[in-house]
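Structure data follow from query27.txt (compact mmCIF, C-alpha atoms):
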```txt
# COMPACT_ATOMS: atom_id res chain seq x y z
CA MET A 1 -0.40 -14.85 3.68
CA LEU A 2 -3.87 -14.69 2.13
CA LYS A 3 -5.43 -18.08 2.73
CA PHE A 4 -8.10 -17.68 0.05
CA LEU A 5 -5.34 -17.89 -2.59
CA ASN A 6 -4.27 -21.42 -1.70
CA HIS A 7 -4.28 -23.89 -4.59
CA LYS A 8 -6.35 -21.66 -6.88
CA LYS A 9 -6.06 -20.77 -10.53
CA VAL A 10 -6.01 -16.97 -10.29
CA LEU A 11 -6.61 -14.10 -12.69
CA PHE A 12 -5.05 -10.87 -11.38
CA ILE A 13 -6.42 -7.59 -12.78
CA THR A 14 -4.98 -4.13 -12.19
CA THR A 15 -5.42 -0.69 -13.74
CA LYS A 16 -2.35 0.65 -11.91
CA ASN A 17 1.08 0.40 -13.54
CA LEU A 18 2.29 -3.19 -13.28
CA ASP A 19 5.50 -2.29 -11.42
CA TYR A 20 3.55 -0.43 -8.71
CA ILE A 21 4.74 -1.67 -5.30
CA ARG A 22 1.31 -2.98 -4.21
CA ASN A 23 0.89 -4.93 -7.46
CA SER A 24 4.35 -6.45 -7.09
CA GLN A 25 3.65 -7.44 -3.49
CA GLU A 26 0.35 -9.12 -4.32
CA LEU A 27 1.68 -10.89 -7.38
CA ARG A 28 4.50 -12.36 -5.28
CA LEU A 29 1.94 -13.68 -2.81
CA ILE A 30 -0.30 -15.10 -5.51
CA ARG A 31 2.56 -16.86 -7.28
CA THR A 32 3.73 -18.31 -3.97
CA GLN A 33 0.35 -19.60 -2.79
CA ALA A 34 -1.77 -20.21 -5.89
CA ASP A 35 -1.43 -22.96 -8.46
CA SER A 36 -1.21 -20.47 -11.32
CA CYS A 37 -1.59 -16.77 -12.08
CA ASP A 38 -2.50 -14.90 -15.24
CA VAL A 39 -2.33 -11.11 -15.31
CA ILE A 40 -4.40 -8.44 -17.02
CA GLY A 41 -2.68 -5.07 -16.86
CA SER A 42 -0.93 -2.51 -19.00
CA TYR A 43 2.40 -0.69 -19.26
CA GLU A 44 0.78 2.45 -20.72
CA LYS A 45 1.90 5.60 -18.87
CA SER A 46 -1.51 7.28 -19.14
CA TYR A 47 -4.10 6.03 -16.62
CA VAL A 48 -6.89 6.47 -19.18
CA LYS A 49 -4.99 4.40 -21.75
CA ARG A 50 -4.23 1.72 -19.14
CA LEU A 51 -7.89 1.59 -18.15
CA LEU A 52 -9.05 1.25 -21.76
CA SER A 53 -6.44 -1.44 -22.41
CA VAL A 54 -7.58 -3.44 -19.35
CA TYR A 55 -11.25 -3.03 -20.32
CA GLY A 56 -10.50 -4.32 -23.82
CA LYS A 57 -8.80 -7.44 -22.44
CA LEU A 58 -11.62 -8.05 -19.95
CA PHE A 59 -14.27 -7.95 -22.67
CA ARG A 60 -12.44 -10.75 -24.49
CA ILE A 61 -11.36 -13.06 -21.67
CA LYS A 62 -13.36 -16.07 -20.46
CA VAL A 63 -13.38 -16.06 -16.66
CA LYS A 64 -14.73 -19.61 -16.26
CA GLN A 65 -11.22 -21.01 -16.65
CA TYR A 66 -10.24 -19.43 -13.28
CA ASP A 67 -11.11 -20.30 -9.68
CA LEU A 68 -10.50 -16.80 -8.33
CA ILE A 69 -10.49 -13.28 -9.76
CA PHE A 70 -8.28 -10.85 -7.83
CA VAL A 71 -8.75 -7.18 -8.71
CA GLY A 72 -5.90 -4.99 -7.46
CA PHE A 73 -5.64 -1.23 -6.93
CA ALA A 74 -8.93 0.72 -7.43
CA PRO A 75 -11.31 -2.23 -8.05
CA GLN A 76 -14.11 0.39 -8.12
CA LEU A 77 -13.06 1.13 -11.71
CA VAL A 78 -13.51 -2.49 -12.75
CA VAL A 79 -15.84 -4.59 -10.58
CA PRO A 80 -19.13 -2.65 -10.95
CA PHE A 81 -18.83 -2.64 -14.76
CA PHE A 82 -18.08 -6.32 -15.47
CA ARG A 83 -20.82 -8.62 -14.20
CA LYS A 84 -18.98 -11.71 -15.41
CA LEU A 85 -16.30 -11.25 -12.72
CA LYS A 86 -18.82 -12.31 -10.09
CA LYS A 87 -19.26 -15.65 -11.83
CA ARG A 88 -16.14 -16.69 -9.97
CA GLU A 89 -14.83 -16.16 -6.43
CA LEU A 90 -13.86 -12.49 -6.24
CA ALA A 91 -11.13 -10.82 -4.18
CA ILE A 92 -10.38 -7.09 -4.22
CA ASP A 93 -7.63 -4.90 -2.85
CA PHE A 94 -9.62 -2.02 -1.38
CA PHE A 95 -6.50 0.07 -0.88
CA ILE A 96 -8.41 3.34 -1.10
CA SER A 97 -12.00 4.54 -0.99
CA LEU A 98 -12.72 6.89 -3.88
CA TYR A 99 -15.19 8.78 -1.70
CA ASP A 100 -12.79 9.11 1.24
CA THR A 101 -9.79 10.05 -0.93
CA LEU A 102 -11.35 12.55 -3.33
CA VAL A 103 -14.03 14.05 -1.10
CA CYS A 104 -12.85 13.82 2.53
CA ASP A 105 -9.06 13.78 2.07
CA ARG A 106 -8.29 15.94 -0.96
CA GLY A 107 -11.51 17.97 -0.98
CA LYS A 108 -11.92 17.79 -4.75
CA PHE A 109 -15.72 17.54 -4.46
CA LYS A 110 -18.26 18.69 -1.86
CA GLU A 111 -19.64 16.00 0.43
CA LYS A 112 -23.27 16.42 -0.69
CA SER A 113 -22.47 16.74 -4.40
CA LEU A 114 -23.71 14.32 -7.04
CA VAL A 115 -20.12 13.27 -7.81
CA ALA A 116 -19.45 12.49 -4.13
CA ARG A 117 -22.58 10.36 -3.94
CA PHE A 118 -21.54 8.53 -7.10
CA PHE A 119 -18.11 7.75 -5.64
CA LYS A 120 -19.70 6.43 -2.45
CA TRP A 121 -22.04 4.27 -4.55
CA LEU A 122 -19.06 2.85 -6.47
CA ASP A 123 -17.28 2.07 -3.20
CA LYS A 124 -20.30 0.33 -1.69
CA LYS A 125 -21.14 -1.59 -4.88
CA THR A 126 -17.58 -2.89 -5.16
CA LEU A 127 -17.40 -3.98 -1.52
CA LEU A 128 -20.79 -5.70 -1.72
CA LYS A 129 -19.73 -7.83 -4.70
CA ALA A 130 -16.45 -9.03 -3.16
CA ASP A 131 -15.97 -12.37 -1.41
CA HIS A 132 -12.61 -11.25 0.03
CA ILE A 133 -11.58 -7.67 0.88
CA VAL A 134 -7.88 -6.85 1.30
CA THR A 135 -7.03 -3.65 3.20
CA ASP A 136 -3.73 -1.99 4.14
CA THR A 137 -4.56 -1.49 7.85
CA LYS A 138 -7.12 -2.72 10.36
CA ALA A 139 -8.08 0.89 11.02
CA HIS A 140 -8.95 1.31 7.34
CA GLY A 141 -10.93 -1.92 7.40
CA ALA A 142 -12.98 -0.67 10.36
CA TYR A 143 -13.73 2.58 8.52
CA PHE A 144 -14.81 0.74 5.38
CA SER A 145 -17.18 -1.30 7.51
CA GLU A 146 -18.64 1.66 9.42
CA GLU A 147 -18.88 4.14 6.55
CA LEU A 148 -19.33 1.93 3.47
CA GLY A 149 -20.95 -1.24 4.80
CA ALA A 150 -18.04 -3.65 4.19
CA ASP A 151 -18.40 -7.06 5.84
CA MET A 152 -15.53 -7.23 8.35
CA GLU A 153 -15.62 -11.04 8.27
CA LYS A 154 -14.47 -10.84 4.64
CA GLU A 155 -11.54 -8.51 5.41
CA TYR A 156 -7.83 -9.36 5.42
CA THR A 157 -5.08 -6.92 6.41
CA LEU A 158 -2.05 -6.93 4.13
CA TYR A 159 0.55 -4.39 5.20
CA LEU A 160 2.75 -2.83 2.54
CA GLU A 161 6.32 -3.97 1.92
CA ALA A 162 9.32 -2.03 0.63
CA ASP A 163 11.14 -3.26 -2.46
CA SER A 164 14.13 -4.95 -0.84
CA SER A 165 16.08 -4.99 -4.11
CA ILE A 166 16.29 -1.18 -3.89
CA TYR A 167 15.78 -0.33 -0.23
CA TYR A 168 18.22 -2.11 2.06
CA PRO A 169 20.76 -1.05 4.74
CA ARG A 170 23.92 0.50 3.37
CA GLU A 171 26.90 2.54 4.50
CA GLN A 172 26.15 6.13 5.45
CA LYS A 173 28.03 8.62 3.27
CA LYS A 174 27.15 12.26 3.83
CA SER A 175 27.88 14.64 0.98
CA GLY A 176 29.22 18.18 0.78
CA GLY A 177 29.13 20.45 3.82
CA ILE A 178 26.78 18.33 5.92
CA LYS A 179 29.26 15.71 7.12
CA ASP A 180 29.17 17.01 10.69
CA LYS A 181 25.46 17.79 10.77
CA PHE A 182 22.46 15.81 11.97
CA VAL A 183 20.68 15.05 8.69
CA VAL A 184 16.88 14.71 8.61
CA LEU A 185 15.07 13.51 5.47
CA TYR A 186 11.48 13.59 4.27
CA PHE A 187 10.18 12.45 0.90
CA GLY A 188 6.70 12.24 -0.51
CA SER A 189 4.26 13.19 -3.24
CA ILE A 190 3.06 16.05 -1.00
CA LEU A 191 -0.54 14.88 -0.54
CA PRO A 192 -2.59 16.87 1.99
CA LEU A 193 -2.81 14.06 4.57
CA GLN A 194 0.99 13.86 4.72
CA GLY A 195 1.06 17.16 6.60
CA VAL A 196 4.03 18.73 4.83
CA SER A 197 3.06 22.15 6.22
CA VAL A 198 3.68 20.75 9.71
CA ILE A 199 7.19 19.69 8.68
CA LEU A 200 7.97 23.06 7.07
CA LYS A 201 6.88 24.90 10.23
CA ALA A 202 9.05 22.58 12.31
CA ILE A 203 12.01 23.37 10.03
CA GLY A 204 11.32 27.05 10.65
CA TYR A 205 11.40 26.54 14.42
CA LEU A 206 14.80 24.88 14.04
CA GLN A 207 16.35 27.36 11.60
CA MET A 208 18.84 28.58 14.23
CA ARG A 209 20.10 25.05 14.85
CA LYS A 210 23.04 25.09 12.43
CA ASP A 211 23.87 21.50 13.45
CA ILE A 212 20.60 20.17 11.95
CA PHE A 213 20.07 19.90 8.19
CA PHE A 214 16.90 18.85 6.31
CA TYR A 215 16.39 17.23 2.92
CA MET A 216 12.85 17.72 1.56
CA VAL A 217 12.31 15.48 -1.46
CA GLY A 218 9.12 15.95 -3.47
CA PRO A 219 7.14 18.39 -5.67
CA LEU A 220 6.56 21.25 -3.24
CA GLY A 221 5.35 23.64 -5.94
CA ARG A 222 6.38 27.26 -6.50
CA GLU A 223 9.61 28.47 -4.94
CA THR A 224 7.69 31.09 -2.92
CA GLU A 225 5.82 28.31 -1.08
CA ARG A 226 9.10 27.00 0.35
CA PRO A 227 10.55 28.64 3.46
CA ASP A 228 13.97 29.95 2.47
CA HIS A 229 16.11 28.71 5.34
CA SER A 230 19.76 27.75 5.18
CA ASN A 231 19.07 24.51 7.08
CA VAL A 232 17.02 22.88 4.31
CA LYS A 233 17.58 21.69 0.74
CA TYR A 234 14.64 21.02 -1.58
CA ILE A 235 14.87 18.26 -4.18
CA SER A 236 11.93 18.01 -6.57
CA TRP A 237 12.46 14.46 -7.85
CA LEU A 238 14.74 11.44 -7.50
CA SER A 239 14.70 7.98 -9.04
CA GLN A 240 14.10 5.18 -6.54
CA GLU A 241 17.78 4.22 -6.62
CA ALA A 242 18.90 7.82 -6.04
CA LEU A 243 16.30 8.20 -3.28
CA ALA A 244 17.71 5.13 -1.52
CA ASP A 245 21.19 6.71 -1.64
CA LYS A 246 19.82 9.96 -0.19
CA ILE A 247 17.99 8.10 2.60
CA ALA A 248 21.29 6.38 3.41
CA GLU A 249 22.79 9.82 4.16
CA ALA A 250 20.16 10.58 6.80
CA ASP A 251 20.49 10.22 10.56
CA LEU A 252 16.70 10.53 10.99
CA CYS A 253 13.74 10.13 8.62
CA LEU A 254 10.27 11.66 8.88
CA ALA A 255 7.47 9.23 8.07
CA GLY A 256 4.21 10.86 9.22
CA HIS A 257 1.43 11.20 8.52
CA PHE A 258 1.53 14.57 10.29
CA HIS A 259 -1.74 16.27 9.24
CA GLY A 260 -3.85 16.84 12.32
CA SER A 261 -7.39 17.07 10.94
CA ILE A 262 -7.70 14.76 7.90
CA ALA A 263 -9.20 11.54 9.27
CA LYS A 264 -7.60 9.34 6.63
CA ALA A 265 -4.16 10.35 7.94
CA ARG A 266 -4.98 8.42 11.13
CA ARG A 267 -6.09 5.26 9.33
CA THR A 268 -3.13 4.70 7.01
CA ILE A 269 0.52 3.80 7.46
CA PRO A 270 2.72 5.90 5.15
CA GLY A 271 4.49 3.75 2.57
CA LYS A 272 7.75 5.57 3.30
CA ALA A 273 7.72 4.10 6.83
CA TYR A 274 8.21 0.60 5.38
CA ILE A 275 11.09 1.93 3.26
CA TYR A 276 12.83 3.55 6.24
CA ALA A 277 12.39 0.34 8.24
CA ALA A 278 13.85 -1.75 5.38
CA MET A 279 16.90 0.54 5.38
CA LYS A 280 17.07 0.42 9.21
CA LYS A 281 16.76 4.17 9.56
CA PRO A 282 15.41 5.82 12.74
CA MET A 283 12.08 7.49 12.02
CA ILE A 284 9.38 9.72 13.49
CA LEU A 285 5.78 8.63 12.95
CA GLY A 286 2.52 10.46 13.55
CA ASP A 287 0.86 9.07 16.67
CA ASN A 288 -2.20 7.19 15.44
CA GLU A 289 -3.80 3.76 15.67
CA ALA A 290 -2.79 2.64 12.16
CA ASN A 291 0.92 3.27 12.70
CA ARG A 292 0.78 1.55 16.09
CA GLU A 293 -0.73 -1.57 14.46
CA PHE A 294 2.61 -2.29 12.85
CA PHE A 295 5.38 -0.16 14.39
CA GLU A 296 6.31 -0.51 18.02
CA GLU A 297 7.93 2.51 19.66
CA LYS A 298 11.60 1.69 20.23
CA ASP A 299 14.38 3.98 21.41
CA GLY A 300 16.70 4.81 18.54
CA GLU A 301 14.43 3.19 15.93
CA VAL A 302 10.82 4.40 16.04
CA CYS A 303 9.30 7.31 17.93
CA TYR A 304 5.93 9.01 17.81
CA VAL A 305 4.85 12.65 17.83
CA GLU A 306 1.45 14.32 18.10
CA MET A 307 -0.10 14.87 14.67
CA GLY A 308 -0.68 18.46 13.55
CA ASN A 309 1.82 19.86 16.07
CA PRO A 310 4.93 21.38 14.42
CA LYS A 311 6.39 22.49 17.76
CA ALA A 312 6.24 18.93 19.08
CA LEU A 313 7.87 17.67 15.89
CA ALA A 314 10.63 20.28 16.11
CA ALA A 315 11.22 19.42 19.78
CA LYS A 316 11.49 15.71 18.98
CA VAL A 317 13.97 16.33 16.15
CA ALA A 318 16.05 18.61 18.41
CA LYS A 319 16.08 16.03 21.20
CA LEU A 320 17.25 13.29 18.84
CA ALA A 321 19.89 15.60 17.36
CA ASP A 322 21.21 16.37 20.85
CA LYS A 323 21.37 12.67 21.65
CA TRP A 324 23.24 12.04 18.37
CA LYS A 325 25.80 14.74 19.25
CA GLU A 326 26.34 13.21 22.69
CA GLN A 327 26.96 9.81 21.18
CA LYS A 328 29.37 11.27 18.60
CA GLY A 329 31.24 13.09 21.32
CA GLY A 330 31.72 9.86 23.20
CA GLU A 331 33.15 8.00 20.23
```
Kindly transcribe the structure held in the file into structure tokens.
Amino acid sequence: MLKFLNHKKVLFITTKNLDYIRNSQELRLIRTQADSCDVIGSYEKSYVKRLLSVYGKLFRIKVKQYDLIFVGFAPQLVVPFFRKLKKRELAIDFFISLYDTLVCDRGKFKEKSLVARFFKWLDKKTLLKADHIVTDTKAHGAYFSEELGADMEKEYTLYLEADSSIYYPREQKKSGGIKDKFVVLYFGSILPLQGVSVILKAIGYLQMRKDIFFYMVGPLGRETERPDHSNVKYISWLSQEALADKIAEADLCLAGHFHGSIAKARRTIPGKAYIYAAMKKPMILGDNEANREFFEEKDGEVCYVEMGNPKALAAKVAKLADKWKEQKGGE
């Protein structure tokens, strides 16, 4: 619940694709709590075309007919450039910091560069203009306050949700020659903070365990970058529906984040964790304060492992596989 939405006439603005999970989540909330909701967005596949489409609509719209303007994903690309938005109560979803993501996390620009300073200015300008700041974790909110000057009294934590129409518990059906193996799954867009290298090293440590099999779903790049072990299958892409079926095959899912030195990895809860939970799949999470905000460690459901430590991850997977075999043997 976001109490500032109650009984308001709301204009929702987003430059992200309209079916993006965060947009869908926020639109459900707005339509539940507010009196009405109009949407400015675009179905264009190109981000540049979506941005230009949204800008064109914003130039034409009269904001005085609304009580509240809610700018979704990446408000930094909208709020600083449209002064008229501040004529009404303004809420933003500060899901990411441009400075933190592109400079600190992905290392696209040097910290002291002009571009980095511009991104930090955009972040600060956007946060300063907002009356309400929505974040995905409390840990992120604290960082935005300390690093970017956000007013913590304006912050609201809205944790992600999985799309329950796609991701829900279903019967486990293992395919091919893995019916008698302990199946471990990871999927992701392979961003640095996810720590995929940690997972791949862990798979290497377990390559002699013929009873453990890994699915790695995501764009891992050139074939030579993938360890060629018989205990792993690489899948470059799956639709959401096909991904849900593949998750259903798994006995254990890897959520992360597992990178040990990127600070952002400790402040965010991986979206895949919500999906695994919705499908009631046991998972391994990186041990950090953001994950512990939402997920309680429970035997057989959620367990934690030290971030940046592939040996610890491998040991945890092996321990859970051994426990699974014991339980199967007793059936």
### Top pick for closest residue to A:Trp237, considering A:Gly188, A:Gly256, A:Pro282, A:Pro270 and counting all atoms listed in the file
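Result for the nearest residue to A:Trp237: A:Gly188.
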### Task
Choose the residue, out of A:Ile61, A:Leu193, A:Ile133, A:Cys303, that has the smallest atom-to-atom separation from A:Lys319; count only C-alpha atoms.
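Comparing A:Ile61, A:Leu193, A:Ile133, A:Cys303 against A:Lys319, the winner is A:Cys303.
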#### Entry: Straight-line distance linking atom CA of A:Leu285 with atom CA of A:Leu158, stated in Å to one decimal
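That distance, rounded to one decimal, is 19.5 Å.
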### Summary
The distance between atom CA of A:Ala312 and atom CA of A:Lys210 is 19.1 Å
### Query
Nearest to A:Lys57 among A:Val78, A:Leu98, A:Met152, A:Met283, with distances taken over only C-alpha atoms: which residue is it?
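The answer is A:Val78, which sits nearest to A:Lys57.
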### Query
Between A:Ile275, A:Glu289, A:Val305, A:Phe12, which is the closest to A:Ala162 once you count only C-alpha atoms?
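Once distances to A:Ala162 are computed over only C-alpha atoms, the minimum belongs to A:Ile275.
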### Query
Quick one: residues within 10 Å of A:Lys3, all atoms listed in the file counted, chain neighbours fewer than 5 positions away excluded, as number ranges by chain?
A: 33-34, 156
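Among the candidates A:Glu326, A:Glu111, A:Glu293, A:Asp67, the residue lying nearest to A:Leu90 is A:Asp67 (atoms considered: all atoms listed in the file).
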### Query
So, counting all atoms listed in the file, which residue among A:Arg50, A:Lys201, A:Lys84, A:Lys16 is closest to A:Phe258?
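Once distances to A:Phe258 are computed over all atoms listed in the file, the minimum belongs to A:Lys201.
In this structure, atom CA of A:Ala91 sits 22.8 Å away from atom CA of A:Ala290.
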### Task
Counting all atoms listed in the file, write as number ranges by chain all protein and nucleic acid residues lying at most 12 Å from (3.8, -5.5, -9.5) in the file's frame.
A: 12-31, 39-43, 72-73, 161, 163
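Residues within 6 Å of A:Val184, counting all atoms listed in the file and excluding same-chain residues fewer than 2 positions away, are Phe214, Ala250, Leu252 and Cys253 of chain A.
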Those selected residues, please, written with C-alpha atoms and delivered as a CSV table (one decimal), in the coordinates of the input.
```csv
chain,number,residue,atom,x,y,z
A,214,PHE,CA,16.9,18.8,6.3
A,250,ALA,CA,20.2,10.6,6.8
A,252,LEU,CA,16.7,10.5,11.0
A,253,CYS,CA,13.7,10.1,8.6
```
### Query
Counting all atoms listed in the file, which residues come within 12 Å of (12.3, 16.2, 3.6), with the point read in the file's coordinates, and could you list them as a ChimeraX atom specification?
/A:183-190,194-200,202-203,213-220,226,231-237,243,246-247,250,252-256,272
Save stretch 164-177 of chain A from what I just supplied, as a short mmCIF file (atom, residue, chain, number, x, y, z; two decimals), in the first residue's frame, atoms limited to N, CA, C and O atoms.
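Result written to decode_14.cif:
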```cif
data_model
loop_
_atom_site.label_atom_id
_atom_site.label_comp_id
_atom_site.auth_asym_id
_atom_site.auth_seq_id
_atom_site.Cartn_x
_atom_site.Cartn_y
_atom_site.Cartn_z
N SER A 164 1.87 -13.48 -10.95
CA SER A 164 1.27 -14.74 -10.51
C SER A 164 0.47 -15.45 -11.60
O SER A 164 0.10 -16.61 -11.45
N SER A 165 0.21 -14.76 -12.71
CA SER A 165 -0.49 -15.43 -13.82
C SER A 165 0.46 -16.34 -14.61
O SER A 165 0.03 -17.22 -15.35
N ILE A 166 1.76 -16.12 -14.43
CA ILE A 166 2.78 -16.93 -15.11
C ILE A 166 3.53 -17.81 -14.12
O ILE A 166 3.76 -19.00 -14.36
N TYR A 167 3.91 -17.21 -13.00
CA TYR A 167 4.75 -17.91 -12.02
C TYR A 167 3.92 -18.35 -10.83
O TYR A 167 3.54 -17.55 -9.98
N TYR A 168 3.63 -19.64 -10.79
CA TYR A 168 2.84 -20.22 -9.71
C TYR A 168 3.28 -21.67 -9.53
O TYR A 168 3.89 -22.26 -10.43
N PRO A 169 3.02 -22.29 -8.38
CA PRO A 169 3.46 -23.68 -8.15
C PRO A 169 2.82 -24.63 -9.14
O PRO A 169 1.64 -24.50 -9.49
N ARG A 170 3.61 -25.57 -9.62
CA ARG A 170 3.10 -26.57 -10.56
C ARG A 170 3.85 -27.88 -10.38
O ARG A 170 4.89 -27.93 -9.70
N GLU A 171 3.35 -28.92 -10.99
CA GLU A 171 3.95 -30.25 -10.85
C GLU A 171 5.36 -30.28 -11.45
O GLU A 171 5.60 -29.73 -12.52
N GLN A 172 6.27 -30.92 -10.73
CA GLN A 172 7.63 -31.05 -11.22
C GLN A 172 7.72 -32.17 -12.25
O GLN A 172 7.33 -33.30 -11.98
N LYS A 173 8.21 -31.85 -13.44
CA LYS A 173 8.39 -32.84 -14.49
C LYS A 173 9.79 -32.66 -15.09
O LYS A 173 10.02 -31.75 -15.87
N LYS A 174 10.71 -33.51 -14.71
CA LYS A 174 12.07 -33.42 -15.21
C LYS A 174 12.17 -34.08 -16.58
O LYS A 174 11.58 -35.13 -16.81
N SER A 175 12.94 -33.46 -17.45
CA SER A 175 13.03 -33.95 -18.83
C SER A 175 14.32 -34.73 -19.08
O SER A 175 15.30 -34.60 -18.34
N GLY A 176 14.28 -35.55 -20.13
CA GLY A 176 15.48 -36.23 -20.61
C GLY A 176 16.17 -37.09 -19.58
O GLY A 176 15.54 -37.80 -18.80
N GLY A 177 17.53 -36.99 -19.57
CA GLY A 177 18.33 -37.84 -18.70
C GLY A 177 18.61 -37.28 -17.33
O GLY A 177 19.58 -37.68 -16.68
#
```
